[in-house]
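Coordinates from query34.txt are shown below (compact mmCIF, C-alpha atoms).
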```txt
# COMPACT_ATOMS: atom_id res chain seq x y z
CA MET A 248 -176.69 -188.27 -230.65
CA ASP A 249 -173.19 -187.61 -229.28
CA LEU A 250 -171.71 -184.14 -228.91
CA GLN A 251 -169.38 -184.45 -231.88
CA GLN A 252 -172.26 -185.34 -234.17
CA THR A 253 -174.37 -182.53 -232.72
CA MET A 254 -171.61 -180.01 -233.45
CA GLN A 255 -171.21 -181.33 -236.97
CA ASP A 256 -174.94 -180.86 -237.56
CA ILE A 257 -174.75 -177.30 -236.18
CA GLY A 258 -171.86 -176.62 -238.54
CA ARG A 259 -173.71 -178.00 -241.56
CA ARG A 260 -176.78 -175.90 -240.81
CA ALA A 261 -174.63 -172.80 -240.33
CA ARG A 262 -172.83 -173.35 -243.62
CA ALA A 263 -176.14 -173.70 -245.47
CA ALA A 264 -177.53 -170.60 -243.76
CA SER A 265 -174.39 -168.62 -244.60
CA ARG A 266 -175.04 -169.12 -248.32
CA LEU A 267 -178.48 -167.55 -247.93
CA MET A 268 -177.24 -164.75 -245.68
CA ALA A 269 -174.58 -163.79 -248.22
CA THR A 270 -177.33 -162.97 -250.71
CA ALA A 271 -179.77 -161.39 -248.26
CA SER A 272 -180.81 -157.82 -249.02
CA THR A 273 -179.94 -154.95 -246.72
CA ALA A 274 -183.67 -154.41 -246.15
CA ALA A 275 -184.18 -158.01 -245.02
CA LYS A 276 -181.23 -157.87 -242.64
CA ASN A 277 -182.41 -154.56 -241.18
CA ASP A 278 -185.95 -155.92 -240.83
CA ALA A 279 -184.56 -158.89 -238.90
CA LEU A 280 -182.57 -156.64 -236.58
CA THR A 281 -185.52 -154.39 -235.77
CA ALA A 282 -187.76 -157.44 -235.30
CA ILE A 283 -185.26 -158.97 -232.86
CA ALA A 284 -185.13 -155.68 -230.95
CA ALA A 285 -188.92 -155.60 -230.71
CA GLU A 286 -189.03 -159.23 -229.56
CA ILE A 287 -186.40 -158.56 -226.86
CA ARG A 288 -188.57 -155.76 -225.51
CA ARG A 289 -191.67 -158.00 -225.63
CA GLN A 290 -189.84 -160.81 -223.85
CA ARG A 291 -188.35 -158.56 -221.16
CA ASP A 292 -189.98 -160.41 -218.25
CA ALA A 293 -188.99 -163.81 -219.63
CA LEU A 294 -185.40 -162.63 -220.11
CA ILE A 295 -185.21 -161.28 -216.55
CA ALA A 296 -186.68 -164.53 -215.20
CA ALA A 297 -184.17 -166.67 -217.10
CA ASN A 298 -181.33 -164.43 -215.99
CA GLY A 299 -182.56 -164.65 -212.40
CA LYS A 300 -182.10 -168.44 -212.52
CA ASP A 301 -178.59 -167.98 -213.87
CA LEU A 302 -177.79 -165.52 -211.08
CA ASP A 303 -179.17 -167.86 -208.40
CA ALA A 304 -177.01 -170.70 -209.71
CA ALA A 305 -173.97 -168.40 -209.94
CA ARG A 306 -174.37 -167.22 -206.32
CA THR A 307 -174.72 -170.81 -205.16
CA ALA A 308 -171.53 -171.66 -207.03
CA GLY A 309 -169.75 -168.79 -205.26
CA LEU A 310 -169.02 -166.58 -208.28
CA GLU A 311 -167.32 -163.34 -207.34
CA ALA A 312 -169.08 -159.98 -207.47
CA ALA A 313 -167.42 -158.81 -210.70
CA MET A 314 -168.62 -161.92 -212.54
CA LEU A 315 -172.14 -161.53 -211.13
CA GLU A 316 -172.20 -157.94 -212.37
CA ARG A 317 -171.27 -159.03 -215.90
CA LEU A 318 -173.89 -161.78 -215.77
CA THR A 319 -176.77 -159.56 -214.65
CA LEU A 320 -179.53 -158.55 -217.09
CA ASN A 321 -181.89 -155.86 -215.81
CA GLU A 322 -184.45 -153.66 -217.54
CA LYS A 323 -181.80 -151.08 -218.42
CA GLY A 324 -179.53 -153.74 -219.89
CA ILE A 325 -182.34 -155.27 -221.91
CA GLU A 326 -183.28 -151.90 -223.36
CA ALA A 327 -179.59 -151.32 -224.19
CA MET A 328 -179.54 -154.64 -226.07
CA ALA A 329 -182.61 -153.68 -228.09
CA THR A 330 -181.25 -150.21 -228.81
CA GLY A 331 -177.92 -151.71 -229.88
CA LEU A 332 -179.68 -153.92 -232.43
CA GLU A 333 -181.45 -150.89 -233.87
CA GLN A 334 -178.16 -149.00 -234.04
CA VAL A 335 -176.59 -151.85 -236.02
CA ALA A 336 -179.59 -151.77 -238.38
CA ALA A 337 -178.88 -148.07 -238.99
CA LEU A 338 -175.25 -148.70 -239.96
CA PRO A 339 -174.25 -148.82 -243.64
CA ASP A 340 -174.23 -152.34 -245.06
CA PRO A 341 -170.65 -153.21 -246.07
CA VAL A 342 -171.63 -156.22 -248.19
CA GLY A 343 -171.36 -155.64 -251.94
CA GLU A 344 -169.41 -152.38 -251.63
CA ILE A 345 -167.12 -151.93 -254.64
CA THR A 346 -163.94 -149.90 -254.21
CA ASP A 347 -160.58 -149.14 -255.85
CA VAL A 348 -161.84 -149.58 -259.41
CA ARG A 349 -159.20 -148.61 -261.95
CA ARG A 350 -158.71 -149.18 -265.66
CA ARG A 351 -155.72 -151.20 -266.78
CA PRO A 352 -153.79 -150.71 -270.07
CA SER A 353 -155.50 -153.83 -271.43
CA GLY A 354 -158.88 -152.08 -271.15
CA ILE A 355 -160.26 -154.10 -268.22
CA GLN A 356 -161.37 -152.40 -265.03
CA VAL A 357 -160.15 -154.00 -261.80
CA GLY A 358 -161.64 -153.39 -258.35
CA ARG A 359 -162.60 -155.03 -255.09
CA MET A 360 -165.95 -156.10 -253.67
CA ARG A 361 -166.64 -156.59 -249.96
CA VAL A 362 -168.17 -159.99 -249.12
CA PRO A 363 -169.13 -161.87 -245.92
CA LEU A 364 -166.64 -164.16 -244.22
CA GLY A 365 -169.19 -166.99 -244.06
CA VAL A 366 -169.59 -168.77 -240.70
CA ILE A 367 -168.25 -167.09 -237.58
CA GLY A 368 -167.87 -168.97 -234.30
CA ILE A 369 -167.89 -166.75 -231.22
CA ILE A 370 -166.87 -168.05 -227.80
CA TYR A 371 -167.49 -165.81 -224.81
CA GLU A 372 -167.93 -165.91 -221.07
CA ALA A 373 -170.67 -164.76 -218.70
CA ARG A 374 -171.99 -161.75 -220.64
CA PRO A 375 -175.46 -162.57 -222.04
CA ASN A 376 -175.63 -159.21 -223.85
CA VAL A 377 -172.85 -160.50 -226.15
CA THR A 378 -175.35 -163.02 -227.55
CA ALA A 379 -177.43 -160.20 -229.01
CA GLU A 380 -174.45 -158.04 -230.02
CA ALA A 381 -172.63 -160.87 -231.80
CA ALA A 382 -175.77 -162.06 -233.55
CA ALA A 383 -176.52 -158.52 -234.75
CA LEU A 384 -173.06 -157.78 -236.16
CA CYS A 385 -172.70 -161.15 -237.87
CA LEU A 386 -176.21 -160.84 -239.34
CA LYS A 387 -175.68 -157.33 -240.71
CA ALA A 388 -172.37 -158.39 -242.29
CA GLY A 389 -174.16 -161.27 -244.06
CA ASN A 390 -172.66 -164.09 -242.01
CA ALA A 391 -174.01 -167.06 -240.09
CA ALA A 392 -172.98 -167.25 -236.43
CA ILE A 393 -172.43 -170.11 -234.01
CA LEU A 394 -172.43 -168.71 -230.47
CA ARG A 395 -171.03 -170.52 -227.46
CA GLY A 396 -171.61 -168.48 -224.31
CA GLY A 397 -170.40 -169.20 -220.80
CA SER A 398 -172.17 -171.93 -218.86
CA GLU A 399 -173.09 -169.38 -216.18
CA ALA A 400 -175.40 -167.62 -218.67
CA ILE A 401 -176.92 -170.66 -220.39
CA ARG A 402 -180.56 -169.85 -219.50
CA SER A 403 -180.19 -166.18 -220.43
CA ASN A 404 -178.55 -167.08 -223.74
CA ARG A 405 -181.31 -169.56 -224.59
CA ALA A 406 -183.95 -166.89 -223.94
CA ILE A 407 -182.13 -164.34 -226.11
CA ALA A 408 -181.74 -166.95 -228.87
CA VAL A 409 -185.52 -167.38 -228.94
CA CYS A 410 -185.85 -163.66 -229.67
CA VAL A 411 -183.18 -163.77 -232.36
CA HIS A 412 -184.84 -166.70 -234.13
CA ALA A 413 -188.22 -164.99 -234.00
CA GLY A 414 -186.75 -161.88 -235.66
CA LEU A 415 -184.97 -163.86 -238.36
CA LYS A 416 -188.14 -165.80 -239.14
CA ALA A 417 -190.21 -162.61 -239.29
CA ALA A 418 -187.80 -161.19 -241.89
CA GLY A 419 -187.81 -164.35 -243.99
CA LEU A 420 -184.21 -165.24 -243.14
CA PRO A 421 -183.02 -168.67 -241.97
CA GLU A 422 -183.22 -169.18 -238.22
CA GLU A 423 -180.01 -171.23 -238.46
CA ALA A 424 -178.15 -168.01 -239.31
CA THR A 425 -177.70 -167.65 -235.54
CA GLN A 426 -177.28 -170.80 -233.48
CA VAL A 427 -176.58 -170.79 -229.74
CA ILE A 428 -174.88 -173.99 -228.60
CA ASP A 429 -177.31 -175.46 -226.09
CA THR A 430 -174.89 -177.30 -223.84
CA THR A 431 -172.51 -176.41 -221.03
CA ASP A 432 -170.15 -179.23 -222.02
CA ARG A 433 -166.71 -177.64 -222.55
CA ALA A 434 -165.98 -180.21 -225.23
CA ALA A 435 -168.28 -178.17 -227.48
CA VAL A 436 -165.58 -175.50 -227.67
CA GLY A 437 -163.00 -178.07 -228.77
CA ALA A 438 -165.35 -179.28 -231.51
CA LEU A 439 -166.25 -175.78 -232.70
CA ILE A 440 -162.66 -174.62 -233.13
CA THR A 441 -161.65 -177.73 -235.10
CA MET A 442 -164.31 -177.65 -237.85
CA PRO A 443 -162.67 -175.70 -240.70
CA GLN A 444 -165.04 -177.32 -243.17
CA TYR A 445 -167.93 -175.45 -241.54
CA VAL A 446 -166.41 -172.51 -239.63
CA ASP A 447 -164.41 -169.73 -241.34
CA VAL A 448 -163.20 -167.77 -238.31
CA ILE A 449 -163.31 -167.98 -234.50
CA VAL A 450 -163.62 -164.95 -232.23
CA PRO A 451 -162.87 -165.71 -228.55
CA ARG A 452 -164.02 -163.07 -226.05
CA GLY A 453 -162.92 -163.75 -222.50
CA GLY A 454 -159.99 -164.23 -220.17
CA LYS A 455 -156.43 -165.24 -220.99
CA GLY A 456 -157.12 -168.91 -220.29
CA LEU A 457 -159.93 -169.14 -222.83
CA ILE A 458 -158.07 -167.21 -225.52
CA ALA A 459 -154.85 -169.16 -224.99
CA ARG A 460 -156.72 -172.45 -225.29
CA VAL A 461 -158.50 -171.39 -228.46
CA SER A 462 -155.29 -170.04 -230.00
CA ASN A 463 -153.38 -173.24 -229.24
CA GLU A 464 -156.03 -175.74 -230.32
CA ALA A 465 -157.92 -174.07 -233.18
CA LYS A 466 -157.75 -175.39 -236.71
CA VAL A 467 -159.77 -172.35 -237.81
CA PRO A 468 -158.34 -168.80 -238.13
CA VAL A 469 -158.73 -166.83 -234.88
CA ILE A 470 -159.33 -163.10 -234.32
CA LYS A 471 -158.03 -162.42 -230.82
CA HIS A 472 -156.09 -160.47 -228.26
CA LEU A 473 -154.58 -162.00 -225.14
CA ASP A 474 -153.69 -158.93 -223.07
CA GLY A 475 -154.31 -155.22 -222.87
CA ASN A 476 -150.99 -153.93 -221.53
CA CYS A 477 -151.49 -150.33 -222.71
CA HIS A 478 -148.94 -147.52 -222.30
CA ILE A 479 -148.96 -143.73 -222.00
CA TYR A 480 -145.74 -141.87 -222.76
CA ILE A 481 -145.40 -138.33 -221.37
CA ASP A 482 -142.98 -136.56 -223.68
CA ASP A 483 -140.85 -133.67 -222.45
CA ASP A 484 -142.83 -131.42 -224.83
CA ALA A 485 -146.16 -132.44 -223.27
CA ASP A 486 -148.73 -129.80 -222.37
CA PRO A 487 -148.97 -129.89 -218.53
CA ALA A 488 -152.69 -129.11 -218.77
CA LYS A 489 -153.30 -132.39 -220.64
CA ILE A 490 -151.11 -134.79 -218.69
CA VAL A 491 -153.13 -135.44 -215.53
CA SER A 492 -156.54 -135.58 -217.20
CA ILE A 493 -155.40 -138.05 -219.85
CA VAL A 494 -153.67 -140.34 -217.34
CA GLU A 495 -156.61 -140.11 -214.95
CA ASN A 496 -159.11 -141.15 -217.60
CA ALA A 497 -156.91 -143.83 -219.15
CA LYS A 498 -156.12 -145.48 -215.80
CA THR A 499 -159.01 -144.80 -213.44
CA GLN A 500 -162.24 -144.48 -215.45
CA ARG A 501 -162.51 -148.29 -215.40
CA TYR A 502 -159.87 -150.67 -214.11
CA GLY A 503 -161.06 -153.91 -215.68
CA THR A 504 -161.07 -153.10 -219.39
CA CYS A 505 -158.51 -154.12 -222.00
CA ASN A 506 -157.93 -150.48 -223.07
CA THR A 507 -157.08 -149.25 -219.56
CA ALA A 508 -153.53 -147.87 -219.26
CA GLU A 509 -151.24 -150.17 -217.26
CA THR A 510 -147.82 -148.52 -217.72
CA LEU A 511 -146.83 -144.84 -217.55
CA LEU A 512 -143.56 -143.74 -219.19
CA ILE A 513 -142.27 -140.23 -218.48
CA ALA A 514 -139.33 -138.40 -220.07
CA TYR A 515 -136.59 -137.51 -217.54
CA ARG A 516 -136.64 -133.80 -218.43
CA ILE A 517 -140.29 -133.37 -217.40
CA ALA A 518 -140.47 -135.98 -214.63
CA ALA A 519 -139.65 -133.68 -211.70
CA THR A 520 -142.81 -131.63 -212.33
CA ALA A 521 -145.12 -133.99 -214.21
CA LEU A 522 -144.71 -137.12 -212.10
CA PRO A 523 -145.68 -135.64 -208.71
CA ALA A 524 -148.78 -134.03 -210.23
CA VAL A 525 -149.86 -137.36 -211.70
CA ALA A 526 -148.99 -139.22 -208.51
CA VAL A 527 -151.16 -136.91 -206.39
CA MET A 528 -154.14 -137.80 -208.58
CA LEU A 529 -153.33 -141.53 -208.54
CA ALA A 530 -152.84 -141.54 -204.78
CA ALA A 531 -156.21 -139.83 -204.29
CA LYS A 532 -157.80 -142.59 -206.38
CA GLY A 533 -156.10 -145.32 -204.34
CA VAL A 534 -153.92 -146.51 -207.22
CA GLU A 535 -150.79 -148.45 -206.27
CA MET A 536 -147.72 -147.16 -208.13
CA ARG A 537 -145.02 -149.69 -209.03
CA CYS A 538 -142.06 -147.45 -209.77
CA CYS A 539 -138.62 -147.72 -211.30
CA GLU A 540 -135.74 -146.62 -209.06
CA GLU A 541 -135.63 -143.04 -210.44
CA SER A 542 -139.37 -142.42 -210.25
CA LEU A 543 -139.48 -143.87 -206.73
CA ALA A 544 -136.79 -141.42 -205.63
CA ILE A 545 -138.82 -138.47 -206.96
CA LEU A 546 -142.08 -139.61 -205.37
CA ARG A 547 -140.64 -140.41 -201.96
CA GLY A 548 -139.82 -136.75 -201.67
CA ALA A 549 -143.31 -135.62 -202.68
CA ALA A 550 -146.29 -134.95 -200.40
CA LEU A 551 -148.52 -137.88 -201.38
CA GLY A 552 -150.15 -138.78 -198.07
CA GLU A 553 -150.96 -142.49 -197.92
CA ALA A 554 -149.76 -143.22 -201.44
CA LYS A 555 -148.99 -146.85 -202.25
CA LEU A 556 -145.44 -146.77 -203.64
CA VAL A 557 -143.75 -150.07 -204.56
CA ALA A 558 -140.45 -150.83 -206.29
CA ALA A 559 -141.24 -152.22 -209.75
CA ARG A 560 -140.12 -155.69 -210.77
CA GLU A 561 -139.27 -156.80 -214.30
CA GLU A 562 -142.58 -158.65 -214.65
CA ASP A 563 -144.54 -155.46 -213.86
CA TRP A 564 -143.61 -154.02 -217.27
CA ARG A 565 -145.50 -156.86 -218.99
CA GLU A 566 -148.48 -157.03 -216.65
CA GLU A 567 -152.13 -156.36 -217.46
CA PHE A 568 -153.19 -155.49 -213.92
CA LEU A 569 -156.94 -154.95 -214.48
CA ALA A 570 -156.82 -153.32 -211.04
CA PRO A 571 -155.92 -149.98 -209.38
CA ILE A 572 -152.21 -150.58 -210.04
CA ILE A 573 -149.93 -148.84 -212.54
CA ALA A 574 -146.27 -149.35 -213.45
CA ILE A 575 -144.19 -146.16 -213.78
CA LYS A 576 -140.81 -145.79 -215.52
CA LEU A 577 -138.67 -142.81 -216.45
CA VAL A 578 -137.10 -142.88 -219.92
CA ALA A 579 -134.47 -140.77 -221.66
CA GLY A 580 -136.84 -139.74 -224.43
CA LEU A 581 -138.86 -140.91 -227.40
CA ASP A 582 -136.40 -143.57 -228.58
CA GLU A 583 -136.34 -145.34 -225.23
CA ALA A 584 -140.12 -145.01 -224.85
CA ILE A 585 -140.75 -146.64 -228.24
CA ALA A 586 -138.22 -149.37 -227.51
CA HIS A 587 -139.83 -150.10 -224.14
CA ILE A 588 -143.34 -150.24 -225.62
CA ASN A 589 -142.36 -152.48 -228.51
CA THR A 590 -140.58 -154.81 -226.05
CA TYR A 591 -143.21 -155.10 -223.32
CA SER A 592 -146.52 -154.08 -224.89
CA SER A 593 -149.28 -156.54 -225.82
CA ALA A 594 -149.75 -154.52 -229.05
CA HIS A 595 -153.18 -153.27 -228.00
CA THR A 596 -153.20 -149.47 -227.48
CA GLU A 597 -150.52 -146.86 -226.74
CA ALA A 598 -150.66 -143.07 -226.38
CA ILE A 599 -148.19 -140.18 -226.41
CA VAL A 600 -148.79 -136.81 -224.76
CA THR A 601 -146.79 -134.20 -226.65
CA GLU A 602 -147.03 -130.90 -228.50
CA ASN A 603 -144.11 -131.87 -230.74
CA TYR A 604 -145.52 -132.81 -234.16
CA THR A 605 -142.40 -134.61 -235.34
CA ARG A 606 -142.26 -136.82 -232.25
CA ALA A 607 -145.98 -137.48 -232.44
CA MET A 608 -145.67 -138.70 -236.03
CA ARG A 609 -142.67 -140.87 -235.16
CA PHE A 610 -144.66 -142.42 -232.31
CA LEU A 611 -147.57 -143.16 -234.68
CA ARG A 612 -145.28 -144.74 -237.27
CA GLU A 613 -142.91 -146.70 -235.05
CA VAL A 614 -145.08 -148.06 -232.22
CA ASP A 615 -146.22 -151.54 -233.30
CA SER A 616 -149.71 -151.70 -231.78
CA SER A 617 -153.24 -151.99 -233.15
CA SER A 618 -154.21 -148.50 -231.91
CA VAL A 619 -151.76 -145.61 -231.44
CA MET A 620 -152.91 -142.22 -230.14
CA VAL A 621 -151.67 -138.67 -229.73
CA ASN A 622 -152.95 -136.57 -226.80
CA ALA A 623 -155.92 -138.84 -226.05
CA SER A 624 -156.88 -141.48 -223.49
CA THR A 625 -156.33 -145.13 -224.36
CA ARG A 626 -159.94 -145.70 -223.30
CA PHE A 627 -161.00 -144.48 -226.77
CA ALA A 628 -159.81 -147.79 -228.29
CA ASP A 629 -163.33 -149.06 -228.83
CA GLY A 630 -165.50 -149.82 -231.83
CA PHE A 631 -168.25 -147.41 -230.81
CA GLU A 632 -165.79 -144.57 -230.15
CA TYR A 633 -164.14 -145.22 -233.53
CA GLY A 634 -167.46 -144.83 -235.31
CA LEU A 635 -167.89 -148.53 -236.08
CA GLY A 636 -171.26 -148.57 -234.31
CA ALA A 637 -170.27 -151.65 -232.32
CA GLU A 638 -167.52 -154.23 -232.22
CA ILE A 639 -167.21 -157.99 -232.07
CA GLY A 640 -163.92 -157.63 -230.22
CA ILE A 641 -160.44 -156.14 -230.51
CA SER A 642 -157.70 -157.86 -232.47
CA THR A 643 -153.99 -157.48 -231.80
CA ASP A 644 -153.20 -159.79 -234.73
CA LYS A 645 -152.07 -158.34 -238.05
CA PHE A 646 -154.25 -160.59 -240.21
CA HIS A 647 -157.10 -160.32 -241.14
CA ALA A 648 -158.36 -157.54 -238.88
CA ARG A 649 -156.49 -155.30 -236.44
CA GLY A 650 -157.86 -153.16 -233.61
CA PRO A 651 -161.61 -152.90 -232.93
CA VAL A 652 -163.45 -155.29 -235.25
CA GLY A 653 -166.76 -153.95 -236.53
CA LEU A 654 -168.90 -154.80 -239.53
CA GLU A 655 -166.09 -154.31 -242.03
CA GLY A 656 -163.87 -156.65 -240.02
CA LEU A 657 -166.52 -159.36 -240.39
CA THR A 658 -166.19 -159.21 -244.16
CA SER A 659 -163.44 -159.88 -246.65
CA GLN A 660 -162.72 -158.61 -250.16
CA LYS A 661 -162.52 -160.31 -253.49
CA TRP A 662 -161.12 -158.97 -256.74
CA ILE A 663 -163.63 -158.17 -259.47
CA VAL A 664 -163.00 -157.39 -263.14
CA PHE A 665 -165.20 -155.52 -265.65
CA GLY A 666 -164.41 -156.13 -269.28
CA ASN A 667 -165.81 -155.40 -272.73
CA GLY A 668 -164.56 -158.39 -274.68
CA GLU A 669 -160.86 -157.90 -273.89
CA VAL A 670 -158.53 -160.89 -274.19
CA ARG A 671 -155.00 -161.21 -272.87
CA ARG A 672 -152.29 -160.76 -275.50
```

Can the structure in the file be given as structure tokens, please?
Amino acid sequence: MDLQQTMQDIGRRARAASRLMATASTAAKNDALTAIAAEIRRQRDALIAANGKDLDAARTAGLEAAMLERLTLNEKGIEAMATGLEQVAALPDPVGEITDVRRRPSGIQVGRMRVPLGVIGIIYEARPNVTAEAAALCLKAGNAAILRGGSEAIRSNRAIAVCVHAGLKAAGLPEEATQVIDTTDRAAVGALITMPQYVDVIVPRGGKGLIARVSNEAKVPVIKHLDGNCHIYIDDDADPAKIVSIVENAKTQRYGTCNTAETLLIAYRIAATALPAVAVMLAAKGVEMRCCEESLAILRGAALGEAKLVAAREEDWREEFLAPIIAIKLVAGLDEAIAHINTYSSAHTEAIVTENYTRAMRFLREVDSSSVMVNASTRFADGFEYGLGAEIGISTDKFHARGPVGLEGLTSQKWIVFGNGEVRR
């Protein structure tokens, strides 16, 4: 059987399973999640062995250390997977929730009911834990999932899929509700994203290349974000006690995440005092500062030791560095800060540090990004931190979901009407 036919068969099975999952009870879905968690713990040694083969192959192929770290499954990671499944089971079930019911002059009552999306295709790179996370969220939201992990993690993903299928079977749910594509052939991605008759939405999780390809070629709606060029604006009414700690956390807690701050904007009136204090911290952390002409002039006169100061280029304002590098620009005030962000941002996450309520509210209203914050680190842009329990990814699109996508983002709404014999006049 050729690959195209195989993918069509996977799609048909997923569509059939999605019909059953849409009607599954909350109890059955929770039973499946807890059974999968138990099976993952039971199969710990098998999972570690399968992952060991993936790691050996990855080292032979010369994968870099960061990729190997993402690929690794150890006892702690396996327990985290199992615990994550149990946490999803504990979340409220969004399916069937009825909201916004109101009576119309005709006598009918109109409201909305939350329903599953149907079949969700998820494409991701060398993170085997995503197999369990994605399966759990899609399952709890009443969907079927087709998972296509990175070729580097194929053995790990197969082993996790065995656990998922065992849990679904134990709960009386169709095993086809979660299917892991069992091939490393990249043509499988092309097939998956061009099957609108079977797949309702695609979620790509990975680098720019993967997401750009999926966005360009998909015939199925895509929930995505390409970049995480996040900004912090230090207003001239900022509390000095908050500035350094917020910038430090947003930039240096982790360099390789999409919610890490990449550009720092500072109001001219506060720059002479705020910028050197921030720069001392950044220099101590080994962060290279790519500065506009005015900020460079201030910092060259400051005692920063071996600080890495570089003149910023135009392309630096758009860059997602994912490294110990930050772009710094002085701005006249809130208007210029908002204009800069809306011009160069990737619409992911932006923050303002200010004690001025009016400016804070303007920033929230006028900055066109999926998460906008006041006096908080951009690192909070995360499904768990937002109280979603977990996330399938972060969307910078405006339809159908925006920001961290949790269970609710894996559902849609339909209009419902309650009547008592009314007819339209």

Given only C-alpha atoms as the counted atoms, nearest of A:Asn376, A:Gln290, A:Thr281, A:Gln251 to Val335 of chain A: A:Thr281

Point (-172.3, -162.1, -244.4), cut-off 8 Å, counting all atoms listed in the file, residues as a PyMOL selection string: chain A and resi 265+268-269+342+362-365+385-391+657-658

Distance criterion (all atoms listed in the file): nearest to Val469 of chain A out of A:Arg649, A:His412, A:Arg612, A:Arg672: A:Arg649

So that I can see what lies close to Asn506 of chain A, please list as a compact mmCIF listing (two decimals) with C-alpha atoms, keeping the file's coordinate frame the residues with an atom at most 6 Å from it, counting all atoms listed in the file and leaving out residues fewer than 3 positions away in the same chain.
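Ended up saving to part_14.txt:
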```txt
# COMPACT_ATOMS: atom_id res chain seq x y z
CA GLY A 475 -154.31 -155.22 -222.87
CA THR A 625 -156.33 -145.13 -224.36
CA ARG A 626 -159.94 -145.70 -223.30
```

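Closest approach to Glu372 of chain A among A:Thr441, A:Ser492, A:Thr510, A:Thr431: A:Thr431, based on all atoms listed in the file.
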
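Put simply, atom CA of Gly653 of chain A is 25.7 Å away from atom CA of Asn589 of chain A.
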
Shell around Cys477 of chain A at 9 Å using all atoms listed in the file, local window under 5 positions removed, as an MDAnalysis selection string: chainID A and resid 505:511 567 588 592:598 625

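The two atoms in question, atom CA of Met442 of chain A and atom CA of Ile370 of chain A, are spaced 14.1 Å apart.
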
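The gap separating atom CA of Arg374 of chain A from atom CA of Ile572 of chain A is 25.1 Å, in Å to one decimal.
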